[in-house]
Amino acid sequence: MAIDTLISALNRKRLSLVSCFALFGLTACAVGPSYERPEVATPADWSAPEGNTFSNETPANLSRWWTVFSDPVLNSLVEKALRSNHDLRIAVSRVSEVRARYGISFSALWPSIGAAGAYERTKLSENLGGRTAGATSQGQAFNSYQAGFDAAWEIDVFGGTRREIEAAWSEFEASQAQFAGTLVSLLAELGHNYLELRGLQHELKIANKNIGAQEQVLKITKARFDAGLVSELDVTQAEAQLASTRAAIPDKEAAIKSSIFRIAFLTAQPIELVLPELIADAPAPKLPTSIPVGLPSELLRRRPDIIAAERSLEAATANVGVAISDWFPKFSLTGSFGVSSEKSGSLFDGNSSAWSFGPRVQWPIFDAGRIRANIRVQNARAEQALAGYERAVQSAFADVETALTSFEKQQERYQALSQAVDATQRSYALAQELYTKGLTDFVRVLEAERSLFQAEDQLSQSGRVLLTNLVAVYKALGGGWTEEQSA
């Protein structure tokens with residue numbers, strides 16, 4: 001909203017001063033713009049999926065997406081993370097902090113009442129002209145006892161306080177959405193690391209299996225060399241092939257340990273508590289046959305970052321009204337009641353009482369443009385919040401489209417690699433058979449063996465990437481939280 005529009009609205013509010021007084025106590029007559037959700041264009045359907053894996057059905061279990069893998073260890077790790085993760089605990093504490101700030105803002109609607117008491121013993125200067133109550137002669141000391149109550153109530157005639165409360169509540173809701181965003185990121189990272197771990201462990205098994213096969217080939221080759229059937233070159237080539245396969249082991253073992261340490265950190269558990277269930281032999285998680293992703297329009301209600309951005313926009317809009325309210329007079333009711341006496345015994349006599357009550361008004365006349373500048377500040381912040389909301393929406397759709405495309409294309413790669421593994425397995429078996437019969441040289445066997453190991457390793461890596469890409473899909477869709485969890 002431009003500053004000129006705000007000034008025009010302010011002038012109209014000045015003209016409606018009488019109506020504001022008439023409507024005081026109701027919900028109307030709060031200065032400043034009222035929030036309206038911005039209109040954003042949403043596509044009718046996702047453009048990325050081309051196969052039959054995804055459907056436009058609303059995901060029934062998106063809040064617990066990890067259960068689609070039917071992995072009890074993953075389920076257990078999620079429960080541990082929900083109880084103990086450090087980032088999640090910090091996010092919960094931030095929600096409590098912002099809610100408390102809302103309570104501070106809400107308290108401004110109510111009167112403030114205070115009590116005070118005092119005792120003084122006073123001696124006035126003998127050189128001070130005149131006398132004062134309580135002093136029988138100049139320079140004589142006297143006592144003073146006082147007790148009483150005072151109260152003040154600023155009447156929210158123009159709704160500045162109500163706008164401040166509205167902004168505080170929107171900030172509280174934004175903090176809830178930010179908590180949900182932390183939860184979504186936590187569960188996605190935990191799922192990614194766990195599936196990465198299982199994939200790496202599967203790749204390590206394939207490498208060890210190939211090492212065992214190559215050791216057997218080397219043993220046979222040495223026996224044939226000892227019998228004079230093959231040259232020493234065949235032996236050295238088999239040894240080189242075996243050493244090359246073994247060289248892949250340390251990197252995979254290091255990556256496995258890194259994943260385990262990362263999982264322990266995300267669950268906030270000592271490494272010795274999570275290690276047994278993570279190093280235990282477990283089958284690789286299976287992909288679901290169908291993945292419902294819902295319609296694009298549903299994303300606006302599911303993505304925590306979009307919700308947080310919208311609530312921040314609502315708070316910024318309300319803060320414009322808070323700034324505008326400074327242009328209007330402040331009306332207050334003040335009063336006090338107390339007792340004062342020179343002697344404690346007569347402090348509560350009727351003659352010791354004193355009270356005051358009356359209205360008070362404050363209206364800024366000259367402030368060197370401070371209020372106008374503050375309105376510009378809040379208006380600029382509202383424009384920034386609007387741009388942030390639009391950016392969050394656009395980024396969310398891009399995230400989903402990217403995740404869906406990556407999953408779909410990786411699925412195509414996985415299917416192609418599966419066919420390659422089948423072909424290389426047949427090629428390797430045929431090369432071994434021909435070599436045993438002396439119909440081909442040992443180089444053909446080594447090439448077939450190397451191709452088989454590479455194909456199996458690539459297939460396993462593709463399967464691991466496919467699983468983690470699915471986690472990215474669930475994260476992009478905003479999966480992993482519910483409104484009840486945020487509350």
# chains A, B, ... in the order shown; residues from 1 in each chain; ligands from 1
call {"tool": "residues_around", "arguments": {"residues": "Gln176 in chain A", "least_positions_apart": "4", "cutoff": "10 Å", "atoms": "only C-alpha atoms", "output": "list in words"}}
result
Ala91, Val92, Arg94, Val95, Ser96, Val98, Arg99, Ser170, Glu171, Phe172, Ala180, Gly181, Thr182, Pro304, Ile307, Ala308, Arg311, Glu483, Gln485, Ser486 and Ala487 of chain A
call {"tool": "write_last_selection", "arguments": {"atoms": "C-alpha atoms", "output": "mmCIF file, in the first residue's frame"}}
result
data_model
loop_
_atom_site.group_PDB
_atom_site.id
_atom_site.type_symbol
_atom_site.label_atom_id
_atom_site.label_comp_id
_atom_site.auth_asym_id
_atom_site.auth_seq_id
_atom_site.Cartn_x
_atom_site.Cartn_y
_atom_site.Cartn_z
ATOM 1 C CA ALA A 91 11.678 -23.765 18.093
ATOM 2 C CA VAL A 92 9.181 -24.734 20.822
ATOM 3 C CA ARG A 94 10.531 -19.513 20.553
ATOM 4 C CA VAL A 95 6.816 -20.192 20.206
ATOM 5 C CA SER A 96 6.435 -19.808 23.982
ATOM 6 C CA VAL A 98 6.264 -15.042 21.128
ATOM 7 C CA ARG A 99 3.078 -16.132 22.869
ATOM 8 C CA SER A 170 -0.057 -12.948 13.860
ATOM 9 C CA GLU A 171 3.574 -13.110 14.958
ATOM 10 C CA PHE A 172 2.619 -15.912 17.346
ATOM 11 C CA ALA A 180 6.340 -26.612 11.805
ATOM 12 C CA GLY A 181 9.006 -25.703 9.255
ATOM 13 C CA THR A 182 11.708 -26.817 11.677
ATOM 14 C CA PRO A 304 4.862 -24.010 6.772
ATOM 15 C CA ILE A 307 1.949 -19.955 6.260
ATOM 16 C CA ALA A 308 4.707 -18.196 8.211
ATOM 17 C CA ARG A 311 1.232 -14.460 9.055
ATOM 18 C CA GLU A 483 -1.962 -28.264 13.016
ATOM 19 C CA GLN A 485 1.378 -30.531 16.593
ATOM 20 C CA SER A 486 1.847 -26.812 16.068
ATOM 21 C CA ALA A 487 -0.814 -26.010 18.648
#
call {"tool": "closest_atom_pairs", "arguments": {"of": "range 264-381 of chain A", "to": "range 52-72 of chain A", "cutoff": "8 Å", "atoms": "only C-alpha atoms", "output": "tab-separated table"}}
result
residue	atom	partner	partner_atom	distance
A:Pro285	CA	A:Phe69	CA	5.6
A:Lys286	CA	A:Phe69	CA	5.9
A:Leu287	CA	A:Phe69	CA	6.7
A:Pro288	CA	A:Val68	CA	6.6
A:Thr289	CA	A:Thr53	CA	6.8
A:Ser290	CA	A:Thr53	CA	5.1
A:Ile291	CA	A:Phe54	CA	4.8
A:Pro292	CA	A:Ser55	CA	4.6
A:Val293	CA	A:Asn56	CA	5.6
A:Gly294	CA	A:Thr58	CA	4.2
A:Leu295	CA	A:Asn56	CA	5.5
call {"tool": "write_last_selection", "arguments": {"atoms": "N, CA and C atoms", "output": "CSV table (one decimal), in the first residue's frame"}}
result
chain,number,residue,atom,x,y,z
A,285,PRO,N,14.7,-50.3,2.4
A,285,PRO,CA,13.3,-49.9,2.4
A,285,PRO,C,12.8,-49.9,1.0
A,286,LYS,N,11.6,-50.2,0.8
A,286,LYS,CA,10.9,-50.3,-0.5
A,286,LYS,C,10.1,-49.0,-0.8
A,287,LEU,N,10.1,-48.7,-2.1
A,287,LEU,CA,9.3,-47.6,-2.5
A,287,LEU,C,7.9,-47.9,-2.6
A,288,PRO,N,7.0,-47.0,-2.3
A,288,PRO,CA,5.6,-47.2,-2.5
A,288,PRO,C,5.2,-47.3,-3.9
A,289,THR,N,4.2,-48.0,-4.3
A,289,THR,CA,3.8,-48.2,-5.7
A,289,THR,C,3.1,-46.9,-6.2
A,290,SER,N,2.4,-46.2,-5.3
A,290,SER,CA,1.7,-45.0,-5.8
A,290,SER,C,2.0,-43.9,-4.7
A,291,ILE,N,2.2,-42.7,-5.2
A,291,ILE,CA,2.5,-41.5,-4.3
A,291,ILE,C,1.5,-40.4,-4.6
A,292,PRO,N,0.5,-40.3,-3.7
A,292,PRO,CA,-0.4,-39.1,-3.9
A,292,PRO,C,0.2,-37.8,-3.5
A,293,VAL,N,0.1,-36.8,-4.3
A,293,VAL,CA,0.8,-35.5,-4.0
A,293,VAL,C,-0.2,-34.4,-3.9
A,294,GLY,N,-1.5,-34.6,-4.2
A,294,GLY,CA,-2.5,-33.6,-4.1
A,294,GLY,C,-2.4,-32.5,-5.2
A,295,LEU,N,-3.3,-31.5,-5.1
A,295,LEU,CA,-3.3,-30.5,-6.1
A,295,LEU,C,-2.4,-29.3,-5.7
call {"tool": "residues_around", "arguments": {"residues": "range 240-256 of chain A", "least_positions_apart": "5", "cutoff": "12 Å", "atoms": "only C-alpha atoms", "output": "VMD selection string"}}
result
chain A and resid 193 to 219 233 to 235 261 to 263 275 278 to 279 442 to 443 445 to 454 457 461
call {"tool": "write_last_selection", "arguments": {"atoms": "C-alpha atoms", "output": "CSV table (one decimal), in the first residue's frame"}}
result
chain,number,residue,atom,x,y,z
A,193,ASN,CA,20.3,-39.7,6.4
A,194,TYR,CA,18.7,-43.0,7.4
A,195,LEU,CA,17.9,-44.0,3.8
A,196,GLU,CA,21.3,-42.8,2.7
A,197,LEU,CA,22.8,-45.1,5.4
A,198,ARG,CA,20.8,-48.1,4.3
A,199,GLY,CA,21.7,-47.5,0.7
A,200,LEU,CA,25.4,-47.2,1.6
A,201,GLN,CA,25.3,-50.4,3.6
A,202,HIS,CA,23.7,-52.1,0.6
A,203,GLU,CA,26.5,-50.8,-1.7
A,204,LEU,CA,29.0,-52.1,0.8
A,205,LYS,CA,27.5,-55.5,0.7
A,206,ILE,CA,27.7,-55.5,-3.1
A,207,ALA,CA,31.3,-54.4,-3.0
A,208,ASN,CA,32.1,-57.2,-0.4
A,209,LYS,CA,30.3,-59.7,-2.6
A,210,ASN,CA,32.3,-58.7,-5.6
A,211,ILE,CA,35.5,-58.9,-3.6
A,212,GLY,CA,34.6,-62.4,-2.6
A,213,ALA,CA,33.9,-63.3,-6.2
A,214,GLN,CA,37.1,-61.7,-7.4
A,215,GLU,CA,39.1,-63.5,-4.7
A,216,GLN,CA,37.7,-66.8,-6.0
A,217,VAL,CA,38.7,-65.8,-9.5
A,218,LEU,CA,42.2,-64.9,-8.4
A,219,LYS,CA,42.5,-68.3,-6.6
A,233,LEU,CA,49.8,-61.7,-16.7
A,234,ASP,CA,46.4,-63.2,-15.9
A,235,VAL,CA,47.3,-63.4,-12.3
A,261,PHE,CA,26.9,-39.8,13.6
A,262,ARG,CA,24.5,-37.4,11.8
A,263,ILE,CA,21.5,-39.5,12.8
A,275,LEU,CA,24.5,-47.6,16.9
A,278,LEU,CA,21.8,-48.8,12.8
A,279,ILE,CA,24.6,-51.3,12.2
A,442,PHE,CA,41.3,-63.5,-19.4
A,443,VAL,CA,40.9,-59.9,-20.3
A,445,VAL,CA,36.6,-62.0,-18.0
A,446,LEU,CA,38.1,-59.1,-16.2
A,447,GLU,CA,36.2,-56.6,-18.4
A,448,ALA,CA,32.9,-58.4,-17.8
A,449,GLU,CA,33.6,-58.6,-14.0
A,450,ARG,CA,34.5,-54.9,-13.9
A,451,SER,CA,31.3,-54.0,-15.8
A,452,LEU,CA,29.2,-56.1,-13.5
A,453,PHE,CA,30.6,-54.5,-10.4
A,454,GLN,CA,30.1,-51.0,-11.8
A,457,ASP,CA,27.2,-50.3,-7.7
A,461,GLN,CA,23.4,-45.8,-5.8
call {"tool": "closest_residue", "arguments": {"among": "A:Thr236, A:Ser460, A:Ser395, A:Asn374", "to": "Leu300 in chain A", "atoms": "only C-alpha atoms"}}
result
A:Ser395
call {"tool": "atom_distance", "arguments": {"atom1": "CA of Gln415 in chain A", "atom2": "CA of Leu434 in chain A"}}
result
29.1 Å
call {"tool": "atom_distance", "arguments": {"atom1": "CA of Ser175 in chain A", "atom2": "CA of Trp481 in chain A"}}
result
14.2 Å
call {"tool": "residues_around", "arguments": {"residues": "Thr161 in chain A", "least_positions_apart": "5", "cutoff": "9 Å", "atoms": "only C-alpha atoms", "output": "PyMOL selection string"}}
result
chain A and resi 30+105-106+108-109+156+166+322+325
call {"tool": "select_by_dssp", "arguments": {"residues": "range 100-330 of chain A", "states": "alpha helix (DSSP H)", "output": "PyMOL selection string"}}
result
chain A and resi 100-107+160-226+232-246+249-267+271-279+299-302+304-325
call {"tool": "closest_residue", "arguments": {"among": "A:Leu477, A:Ser125, A:Phe142, A:Ala264", "to": "Lys343 in chain A", "atoms": "only C-alpha atoms"}}
result
A:Phe142
call {"tool": "closest_residue", "arguments": {"among": "A:Ser341, A:Ser185, A:Thr42, A:Thr334", "to": "Trp355 in chain A", "atoms": "only C-alpha atoms"}}
result
A:Thr334
call {"tool": "residues_around", "arguments": {"residues": "range 420-427 of chain A", "least_positions_apart": "3", "cutoff": "8 Å", "atoms": "only C-alpha atoms", "output": "list in words"}}
result
Ala416, Leu417, Leu430, Ala431, Ala448, Ser451, Leu452, Ala455, Glu456 and Leu459 of chain A
call {"tool": "residues_around", "arguments": {"residues": "Phe407 in chain A", "least_positions_apart": "4", "cutoff": "12 Å", "atoms": "only C-alpha atoms", "output": "ChimeraX atom specification"}}
result
/A:48-51,53-54,287,291,400-403,411-414,462-474
call {"tool": "write_last_selection", "arguments": {"atoms": "N, CA and C atoms", "output": "tab-separated table (two decimals), in the first residue's frame"}}
result
chain	number	residue	atom	x	y	z
A	48	ALA	N	5.44	-31.62	-13.72
A	48	ALA	CA	6.60	-32.50	-13.73
A	48	ALA	C	6.28	-33.98	-13.99
A	49	PRO	N	5.36	-34.61	-13.23
A	49	PRO	CA	5.18	-36.06	-13.38
A	49	PRO	C	4.67	-36.43	-14.77
A	50	GLU	N	5.29	-37.45	-15.36
A	50	GLU	CA	4.86	-37.93	-16.67
A	50	GLU	C	4.40	-39.38	-16.61
A	51	GLY	N	4.73	-40.10	-15.52
A	51	GLY	CA	4.37	-41.50	-15.41
A	51	GLY	C	3.13	-41.69	-14.56
A	53	THR	N	3.37	-42.85	-11.37
A	53	THR	CA	3.78	-42.94	-9.97
A	53	THR	C	2.99	-41.99	-9.09
A	54	PHE	N	2.76	-40.77	-9.57
A	54	PHE	CA	2.11	-39.74	-8.77
A	54	PHE	C	0.64	-39.63	-9.14
A	287	LEU	N	10.12	-48.73	-2.08
A	287	LEU	CA	9.34	-47.58	-2.54
A	287	LEU	C	7.86	-47.92	-2.60
A	291	ILE	N	2.20	-42.66	-5.23
A	291	ILE	CA	2.52	-41.54	-4.35
A	291	ILE	C	1.52	-40.41	-4.60
A	400	VAL	N	8.51	-28.18	-5.36
A	400	VAL	CA	7.73	-29.40	-5.63
A	400	VAL	C	7.99	-29.89	-7.05
A	401	GLU	N	7.95	-28.98	-8.02
A	401	GLU	CA	8.17	-29.38	-9.40
A	401	GLU	C	9.57	-30.00	-9.57
A	402	THR	N	10.57	-29.37	-8.93
A	402	THR	CA	11.94	-29.90	-9.02
A	402	THR	C	12.04	-31.28	-8.39
A	403	ALA	N	11.43	-31.44	-7.21
A	403	ALA	CA	11.50	-32.73	-6.52
A	403	ALA	C	10.78	-33.82	-7.30
A	411	GLN	N	13.90	-42.43	-11.39
A	411	GLN	CA	13.19	-43.71	-11.54
A	411	GLN	C	13.47	-44.30	-12.93
A	412	GLU	N	13.48	-43.44	-13.95
A	412	GLU	CA	13.83	-43.90	-15.30
A	412	GLU	C	15.26	-44.44	-15.33
A	413	ARG	N	16.17	-43.75	-14.68
A	413	ARG	CA	17.57	-44.20	-14.64
A	413	ARG	C	17.68	-45.54	-13.92
A	414	TYR	N	16.95	-45.70	-12.84
A	414	TYR	CA	17.00	-46.94	-12.08
A	414	TYR	C	16.53	-48.12	-12.93
A	462	SER	N	21.70	-45.57	-7.46
A	462	SER	CA	20.47	-45.01	-8.01
A	462	SER	C	19.28	-45.29	-7.10
A	463	GLY	N	19.25	-46.50	-6.53
A	463	GLY	CA	18.17	-46.82	-5.59
A	463	GLY	C	18.22	-45.94	-4.36
A	464	ARG	N	19.44	-45.67	-3.88
A	464	ARG	CA	19.60	-44.79	-2.71
A	464	ARG	C	19.14	-43.38	-3.05
A	465	VAL	N	19.54	-42.87	-4.21
A	465	VAL	CA	19.13	-41.53	-4.62
A	465	VAL	C	17.62	-41.47	-4.82
A	466	LEU	N	17.04	-42.55	-5.33
A	466	LEU	CA	15.60	-42.59	-5.55
A	466	LEU	C	14.85	-42.44	-4.23
A	467	LEU	N	15.32	-43.13	-3.20
A	467	LEU	CA	14.68	-43.05	-1.88
A	467	LEU	C	14.82	-41.65	-1.29
A	468	THR	N	16.01	-41.08	-1.38
A	468	THR	CA	16.19	-39.74	-0.82
A	468	THR	C	15.45	-38.69	-1.65
A	469	ASN	N	15.30	-38.91	-2.95
A	469	ASN	CA	14.50	-38.00	-3.76
A	469	ASN	C	13.03	-38.02	-3.34
A	470	LEU	N	12.56	-39.20	-2.94
A	470	LEU	CA	11.18	-39.28	-2.46
A	470	LEU	C	11.02	-38.50	-1.17
A	471	VAL	N	12.03	-38.56	-0.30
A	471	VAL	CA	12.00	-37.73	0.91
A	471	VAL	C	11.93	-36.25	0.53
A	472	ALA	N	12.67	-35.86	-0.49
A	472	ALA	CA	12.64	-34.46	-0.95
A	472	ALA	C	11.25	-34.08	-1.44
A	473	VAL	N	10.55	-35.03	-2.07
A	473	VAL	CA	9.17	-34.77	-2.51
A	473	VAL	C	8.29	-34.50	-1.30
A	474	TYR	N	8.38	-35.35	-0.28
A	474	TYR	CA	7.55	-35.16	0.91
A	474	TYR	C	7.89	-33.84	1.61
call {"tool": "atom_distance", "arguments": {"atom1": "CA of Arg162 in chain A", "atom2": "CA of Glu390 in chain A"}}
result
26.8 Å
call {"tool": "closest_residue", "arguments": {"among": "A:Ser344, A:Ile365, A:Gln410, A:Arg303", "to": "Phe179 in chain A", "atoms": "only C-alpha atoms"}}
result
A:Arg303
call {"tool": "residues_around", "arguments": {"residues": "Lys475 in chain A", "least_positions_apart": "5", "cutoff": "8 Å", "atoms": "only C-alpha atoms", "output": "mmCIF file with N, CA and C atoms, in the first residue's frame"}}
result
data_model
loop_
_atom_site.group_PDB
_atom_site.id
_atom_site.type_symbol
_atom_site.label_atom_id
_atom_site.label_comp_id
_atom_site.auth_asym_id
_atom_site.auth_seq_id
_atom_site.Cartn_x
_atom_site.Cartn_y
_atom_site.Cartn_z
ATOM 1 N N VAL A 184 9.437 -30.091 9.772
ATOM 2 C CA VAL A 184 9.500 -30.653 8.423
ATOM 3 C C VAL A 184 10.953 -30.874 8.010
ATOM 4 N N SER A 185 11.805 -29.874 8.252
ATOM 5 C CA SER A 185 13.216 -30.002 7.878
ATOM 6 C C SER A 185 13.913 -31.095 8.675
ATOM 7 N N ALA A 188 12.764 -34.556 7.404
ATOM 8 C CA ALA A 188 13.310 -34.812 6.071
ATOM 9 C C ALA A 188 14.800 -35.126 6.152
ATOM 10 N N GLY A 480 5.074 -33.858 7.317
ATOM 11 C CA GLY A 480 5.763 -34.074 8.575
ATOM 12 C C GLY A 480 5.178 -33.322 9.752
#
